[in-house]
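Notes follow once the structure below has been shown.
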Amino acid sequence: MSLEPQLVVVGAGPGGYVAAFKAADLGMRVTLVDAAVNPGGVCLYRGCIPSKALLHVAKVLNESKAAANWGISFPPPTIDIDKLRSWKDEVIGKMTGGLGQLVKTRKIDYIQGHGTFLGNNELRIKSDGDGGKDLRFEHAILATGSVPATIPTFDIGSDRIIDSTSALELSEVPETMLVVGGGYIGLELGSAYAALGTRVSVVEMTDGLIPPADRDLIKPLARRLDREFEQIMLKTKVLAVRDKDNFLQVEFQGADSTFNGDYHKVLVAVGRQPNSARIGLDQTSVQLDQKGFVQVDAQRRTAAPSIFAIGDIAGEPMLAHKAFYEASVAVEAIAGHDVAYEPNAIPAVVFTDPEIAWCGLTEKEAAEQQRDVEVARFPWAASGRATTLGSNDGLTKLVVDPKT
Ligand code: NAD
């Protein structure tokens, strides 16, 4: 390496690659570090993109079934799991390969390896089979993302217990699967596997699916999933899991009793945790909160003035588009622009069928904050477009401040 980078970006997911591209566009000398051969991160390799590919397949399968109601019947589908997996991998390859090209076009120095901080201005990068390369930098942006959260109950060393990463590898379509957690991942992946033929059950510890969303928005989805899933257990916890060789026996604690269920696979989707360990942050002045998120100011600057943090590692919500925006703010702050990350609202979408999307204050949050709001509802039973799609059980609502 001839010159010290002005900016090193650690982690090349949606936060990291956007930061690197933007900084290069502003004329900075940029090094981007990631363990993968091309940028992409969890979103492209093991998250948003593969799951959306499978959800598209699920939609096609479900719509071809629903078409019988409109006088069009198809024979039951034949699913070639190997071909489906190759197609999904091809999608990932195209997207990540495209990003690799953009890195070259922008003359970003891409280093495949694992970065560990040695101080507030120094990073060691280790690649397979090399002793490591130390890099001094003016600024760093930390964008190492998050990993699936784990719970000791499921730590029994069985390969029948999977997380979103292994579920997306699509090694098989199990006969039955228990999904632990009725949030984004549990319902998206549960829906995809249900469409492929798995009998899916969900266990959720709170009293409803997708806890942050308003209940009236969840209703149409819950009604659909009641038909597509074998069982949805709310206000229920998993007490124990036992490996019985051919299946897992799961012991549940419901509202007033304990009971058992047998499953071929158990998908644990109980949230994600920041990837802030084992990257040498203890060698820097960067501060973490109790959950392991990096503490940042409105410009995404950490307690070490030379180091910024963006994306999942910098706090909730863990969404790619939030990381894009933080990337832009952090890079512009480094370039000396007067910017701040102060979003009024961050849109969220759950890509189930039906999909649920919301943005800004929910009706529940407005009530909790004792805000004076009015709610306008438009039921899709009255929408011609929704009716032609056979989807008129949905709704749109606006939560508005009547004064403004
Ligand atoms: P989540 O927070 O969306 O859902 C986790 C669910 O698990 C919650 O409903 C929680 O109440 C429940 N839970 C927690 N512990 C439990 C237990 N012991 N037993 C039963 N239920 C339990 O988390 P996730 O689904 O793992 O997804 C992680 C993050 O990834 C999301 O918060 C989101 O930011 C991101 N994500 C986004 C999308 C999208 O934008 N469409 C898709 C997938 C993931």
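Simple scheme: letters A, B, ... for chains in structure tokens order, numbers from 1 for residues in each chain, numbers from 1 for ligands in the order shown.
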
If you count only C-alpha atoms and all ligand atoms, which residues end up within 7 Å of ligand 1, as a ChimeraX atom specification? /A:47-48,148,180-186,203-206,209-211,236-238,269-272,317-319,348-351

DSSP on the backbone, then: every residue of stretch 160-297 of chain A marked alpha helix (DSSP H), written as an mmCIF file with N, CA and C atoms, in the first residue's frame.
```
data_model
loop_
_atom_site.group_PDB
_atom_site.id
_atom_site.type_symbol
_atom_site.label_atom_id
_atom_site.label_comp_id
_atom_site.auth_asym_id
_atom_site.auth_seq_id
_atom_site.Cartn_x
_atom_site.Cartn_y
_atom_site.Cartn_z
ATOM 1 N N SER A 164 -31.326 -17.788 11.130
ATOM 2 C CA SER A 164 -31.717 -17.294 9.801
ATOM 3 C C SER A 164 -30.656 -17.643 8.758
ATOM 4 N N THR A 165 -29.380 -17.627 9.145
ATOM 5 C CA THR A 165 -28.313 -17.920 8.184
ATOM 6 C C THR A 165 -28.465 -19.329 7.636
ATOM 7 N N SER A 166 -28.608 -20.316 8.532
ATOM 8 C CA SER A 166 -28.716 -21.689 8.027
ATOM 9 C C SER A 166 -30.062 -21.925 7.352
ATOM 10 N N ALA A 167 -31.127 -21.238 7.821
ATOM 11 C CA ALA A 167 -32.430 -21.418 7.159
ATOM 12 C C ALA A 167 -32.339 -20.950 5.705
ATOM 13 N N LEU A 168 -31.572 -19.879 5.467
ATOM 14 C CA LEU A 168 -31.474 -19.334 4.111
ATOM 15 C C LEU A 168 -30.564 -20.154 3.211
ATOM 16 N N GLU A 169 -29.776 -21.055 3.806
ATOM 17 C CA GLU A 169 -28.956 -21.940 2.973
ATOM 18 C C GLU A 169 -29.845 -22.928 2.239
ATOM 19 N N TYR A 184 -39.969 -10.115 12.554
ATOM 20 C CA TYR A 184 -39.676 -10.027 11.119
ATOM 21 C C TYR A 184 -39.183 -11.364 10.542
ATOM 22 N N ILE A 185 -38.081 -11.868 11.123
ATOM 23 C CA ILE A 185 -37.424 -13.025 10.520
ATOM 24 C C ILE A 185 -38.291 -14.270 10.650
ATOM 25 N N GLY A 186 -38.849 -14.475 11.848
ATOM 26 C CA GLY A 186 -39.662 -15.668 12.083
ATOM 27 C C GLY A 186 -40.806 -15.760 11.096
ATOM 28 N N LEU A 187 -41.495 -14.632 10.868
ATOM 29 C CA LEU A 187 -42.676 -14.685 10.001
ATOM 30 C C LEU A 187 -42.294 -14.713 8.523
ATOM 31 N N GLU A 188 -41.227 -13.982 8.146
ATOM 32 C CA GLU A 188 -40.816 -14.020 6.731
ATOM 33 C C GLU A 188 -40.325 -15.419 6.363
ATOM 34 N N LEU A 189 -39.408 -15.951 7.152
ATOM 35 C CA LEU A 189 -38.868 -17.266 6.800
ATOM 36 C C LEU A 189 -39.897 -18.375 7.045
ATOM 37 N N GLY A 190 -40.708 -18.219 8.106
ATOM 38 C CA GLY A 190 -41.772 -19.196 8.368
ATOM 39 C C GLY A 190 -42.712 -19.261 7.168
ATOM 40 N N SER A 191 -43.072 -18.095 6.602
ATOM 41 C CA SER A 191 -43.975 -18.060 5.438
ATOM 42 C C SER A 191 -43.333 -18.746 4.235
ATOM 43 N N ALA A 192 -42.035 -18.479 4.031
ATOM 44 C CA ALA A 192 -41.361 -19.076 2.872
ATOM 45 C C ALA A 192 -41.347 -20.606 2.999
ATOM 46 N N TYR A 193 -40.981 -21.114 4.162
ATOM 47 C CA TYR A 193 -40.943 -22.568 4.339
ATOM 48 C C TYR A 193 -42.342 -23.172 4.274
ATOM 49 N N ALA A 194 -43.357 -22.468 4.813
ATOM 50 C CA ALA A 194 -44.725 -22.999 4.769
ATOM 51 C C ALA A 194 -45.161 -23.160 3.312
ATOM 52 N N ALA A 195 -44.813 -22.170 2.466
ATOM 53 C CA ALA A 195 -45.202 -22.254 1.055
ATOM 54 C C ALA A 195 -44.490 -23.415 0.365
ATOM 55 N N LEU A 196 -43.276 -23.714 0.805
ATOM 56 C CA LEU A 196 -42.527 -24.818 0.191
ATOM 57 C C LEU A 196 -43.016 -26.190 0.678
ATOM 58 N N ARG A 215 -52.004 -3.257 16.204
ATOM 59 C CA ARG A 215 -52.723 -4.540 16.128
ATOM 60 C C ARG A 215 -53.669 -4.637 14.933
ATOM 61 N N ASP A 216 -54.324 -3.486 14.558
ATOM 62 C CA ASP A 216 -55.259 -3.592 13.425
ATOM 63 C C ASP A 216 -54.520 -3.876 12.118
ATOM 64 N N LEU A 217 -53.230 -3.494 12.042
ATOM 65 C CA LEU A 217 -52.445 -3.803 10.841
ATOM 66 C C LEU A 217 -52.047 -5.268 10.822
ATOM 67 N N ILE A 218 -51.883 -5.844 12.006
ATOM 68 C CA ILE A 218 -51.427 -7.232 12.098
ATOM 69 C C ILE A 218 -52.562 -8.219 11.798
ATOM 70 N N LYS A 219 -53.810 -7.781 12.071
ATOM 71 C CA LYS A 219 -54.949 -8.701 11.965
ATOM 72 C C LYS A 219 -55.041 -9.462 10.628
ATOM 73 N N PRO A 220 -54.985 -8.758 9.476
ATOM 74 C CA PRO A 220 -55.108 -9.505 8.214
ATOM 75 C C PRO A 220 -53.987 -10.538 8.042
ATOM 76 N N LEU A 221 -52.781 -10.180 8.499
ATOM 77 C CA LEU A 221 -51.661 -11.126 8.397
ATOM 78 C C LEU A 221 -51.899 -12.311 9.329
ATOM 79 N N ALA A 222 -52.317 -12.016 10.568
ATOM 80 C CA ALA A 222 -52.528 -13.093 11.546
ATOM 81 C C ALA A 222 -53.592 -14.065 11.028
ATOM 82 N N ARG A 223 -54.662 -13.511 10.404
ATOM 83 C CA ARG A 223 -55.723 -14.382 9.857
ATOM 84 C C ARG A 223 -55.149 -15.297 8.782
ATOM 85 N N ARG A 224 -54.322 -14.743 7.893
ATOM 86 C CA ARG A 224 -53.728 -15.540 6.812
ATOM 87 C C ARG A 224 -52.791 -16.604 7.394
ATOM 88 N N LEU A 225 -51.952 -16.192 8.355
ATOM 89 C CA LEU A 225 -50.981 -17.147 8.910
ATOM 90 C C LEU A 225 -51.670 -18.249 9.716
ATOM 91 N N ASP A 226 -52.823 -17.920 10.308
ATOM 92 C CA ASP A 226 -53.587 -18.956 11.015
ATOM 93 C C ASP A 226 -53.930 -20.098 10.061
ATOM 94 N N ARG A 227 -54.158 -19.757 8.794
ATOM 95 C CA ARG A 227 -54.475 -20.802 7.806
ATOM 96 C C ARG A 227 -53.208 -21.491 7.308
ATOM 97 N N GLU A 228 -52.137 -20.709 7.132
ATOM 98 C CA GLU A 228 -50.942 -21.273 6.497
ATOM 99 C C GLU A 228 -50.034 -22.009 7.469
#
```

Could I get the residues of stretch 204-269 of chain A with an atom no further than 7 Å from an atom of stretch 153-162 of chain A, each paired with its nearest atom pair and that distance in Å to one decimal, using only C-alpha atoms, sorted by chain and residue number, as a Markdown table?
```
| residue | atom | partner | partner_atom | distance |
| --- | --- | --- | --- | --- |
| A:Ala240 | CA | A:Thr153 | CA | 6.0 |
| A:Val241 | CA | A:Phe154 | CA | 6.6 |
| A:Asp243 | CA | A:Ser158 | CA | 6.9 |
| A:His264 | CA | A:Arg160 | CA | 6.7 |
| A:Lys265 | CA | A:Arg160 | CA | 4.8 |
| A:Val266 | CA | A:Ile161 | CA | 4.8 |
| A:Leu267 | CA | A:Ile162 | CA | 4.8 |
| A:Val268 | CA | A:Ile162 | CA | 6.3 |
```

DSSP strand (DSSP E or B) residues within stretch 158-247 of chain A, as a list in words: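 So the strand (DSSP E or B) residues in stretch 158-247 of chain A would be Ile161, Ile162, Thr176, Met177, Leu178, Val179, Val180, Arg199, Val200, Ser201, Val202, Val203, Gln231, Ile232, Met233, Lys237, Val238, Leu239, Ala240, Val241, Arg242 and Asp243 of chain A.
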
Find the distance between atom CA of A:Lys364 and atom CA of A:Gly394 and write it in Å to one decimal. 18.8 Å

Within 6 Å of A:Phe308, counting only C-alpha atoms, which residues qualify if same-chain residues fewer than 5 places away don't, as a list of chain:residue names? A:Ile141, A:Leu142, A:Arg300, A:Arg301, A:Thr302

Write a file of the selected residues as a short mmCIF file (atom, residue, chain, number, x, y, z; two decimals), in the first residue's frame, keeping N, CA and C atoms.
```cif
data_model
loop_
_atom_site.label_atom_id
_atom_site.label_comp_id
_atom_site.auth_asym_id
_atom_site.auth_seq_id
_atom_site.Cartn_x
_atom_site.Cartn_y
_atom_site.Cartn_z
N ILE A 141 -14.78 4.12 9.83
CA ILE A 141 -16.21 3.93 10.05
C ILE A 141 -16.42 2.46 10.34
N LEU A 142 -17.03 2.23 11.49
CA LEU A 142 -17.28 0.87 11.95
C LEU A 142 -18.66 0.48 11.45
N ARG A 300 -22.91 10.30 14.29
CA ARG A 300 -22.46 8.89 14.33
C ARG A 300 -20.98 8.79 14.73
N ARG A 301 -20.50 9.80 15.45
CA ARG A 301 -19.11 9.78 15.94
C ARG A 301 -19.10 9.08 17.29
N THR A 302 -18.14 8.20 17.49
CA THR A 302 -18.04 7.49 18.77
C THR A 302 -17.25 8.35 19.76
#
```

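Nearest residue to A:Glu138 among A:Pro274, A:Gly97, A:Pro305, A:Gly115 is A:Pro305, counting only C-alpha atoms.
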
Between A:Pro174, A:Gly360, A:Asp262, A:Tyr110, which is the closest to A:Lys244 once you count only C-alpha atoms?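 Checking each candidate against A:Lys244, we get A:Asp262 as the closest.
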
What separates atom CA of A:Leu389 and atom CA of A:Ser73 is a distance of 16.3 Å

At most 9 Å is the cut-off: for each residue in stretch 299-366 of chain A with any atom that close to an atom of stretch 8-32 of chain A, write down the nearest atom pair and the distance in Å rounded to one decimal, counting only C-alpha atoms, chain first then increasing number, as a tab-separated table.
```
residue	atom	partner	partner_atom	distance
A:Ile310	CA	A:Gly15	CA	6.3
A:Gly311	CA	A:Gly15	CA	5.5
A:Asp312	CA	A:Gly15	CA	8.5
A:Ala320	CA	A:Pro14	CA	5.8
A:His321	CA	A:Pro14	CA	7.8
A:Lys322	CA	A:Gly15	CA	8.2
A:Ala323	CA	A:Gly15	CA	4.5
A:Phe324	CA	A:Gly15	CA	5.2
A:Tyr325	CA	A:Gly15	CA	8.0
A:Glu326	CA	A:Gly15	CA	7.3
A:Ala327	CA	A:Ala19	CA	4.6
A:Ser328	CA	A:Ala19	CA	6.2
A:Val329	CA	A:Ala19	CA	8.9
A:Ala330	CA	A:Ala19	CA	7.7
A:Val331	CA	A:Ala23	CA	5.9
A:Glu332	CA	A:Ala23	CA	8.0
A:Ile334	CA	A:Ala23	CA	8.9
A:Ala335	CA	A:Leu26	CA	7.9
```

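If you look at atom CA of A:Ala67 and atom CA of A:Val200, they are 22.9 Å away from each other.
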
Using only C-alpha atoms, which residue out of A:Leu99, A:Leu281, A:Ile72, A:Val296 lies closest to A:Ala36?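 Nearest candidate to A:Ala36 out of A:Leu99, A:Leu281, A:Ile72, A:Val296: A:Leu99.
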
Rows by chain and residue number, stretch 302-342 of chain A within 10 Å of stretch 121-124 of chain A, shortest pair, only C-alpha atoms, as a Markdown table:
```
| residue | atom | partner | partner_atom | distance |
| --- | --- | --- | --- | --- |
| A:Ala304 | CA | A:Asn121 | CA | 9.3 |
| A:Pro305 | CA | A:Asn121 | CA | 9.9 |
| A:Ser306 | CA | A:Asn121 | CA | 7.0 |
| A:Ile307 | CA | A:Asn121 | CA | 8.2 |
```

Could you write those residues out with N, CA, C and O atoms, as a PDB file, in the first residue's frame?
```pdb
ATOM      1  N   ALA A 304     -14.314   7.940  20.452  1.00  0.00           N
ATOM      2  CA  ALA A 304     -13.008   8.168  19.811  1.00  0.00           C
ATOM      3  C   ALA A 304     -13.269   9.082  18.619  1.00  0.00           C
ATOM      4  O   ALA A 304     -13.942   8.673  17.672  1.00  0.00           O
ATOM      5  N   PRO A 305     -12.775  10.333  18.627  1.00  0.00           N
ATOM      6  CA  PRO A 305     -13.146  11.290  17.577  1.00  0.00           C
ATOM      7  C   PRO A 305     -12.820  10.815  16.158  1.00  0.00           C
ATOM      8  O   PRO A 305     -13.452  11.257  15.203  1.00  0.00           O
ATOM      9  N   SER A 306     -11.863   9.899  16.013  1.00  0.00           N
ATOM     10  CA  SER A 306     -11.500   9.439  14.665  1.00  0.00           C
ATOM     11  C   SER A 306     -12.380   8.284  14.180  1.00  0.00           C
ATOM     12  O   SER A 306     -12.295   7.885  13.023  1.00  0.00           O
ATOM     13  N   ILE A 307     -13.210   7.731  15.068  1.00  0.00           N
ATOM     14  CA  ILE A 307     -13.977   6.524  14.695  1.00  0.00           C
ATOM     15  C   ILE A 307     -15.478   6.802  14.736  1.00  0.00           C
ATOM     16  O   ILE A 307     -16.004   7.327  15.725  1.00  0.00           O
TER      17      ILE A 307
END
```

Nearest to A:Asp89 among A:Leu61, A:Cys43, A:Ile49, A:Ala366, with distances taken over only C-alpha atoms: which residue is it? A:Ile49

Which residue out of A:Thr362, A:Gln287, A:Ser51, A:Thr396 has the minimum interatomic distance to A:Arg377 when only C-alpha atoms are used? A:Thr396

Skipping near chain neighbours, those fewer than 6 positions away, what residues fall within 12 Å of A:Asn392 using only C-alpha atoms, listed as an MDAnalysis selection string? chainID A and resid 220 354 378:386
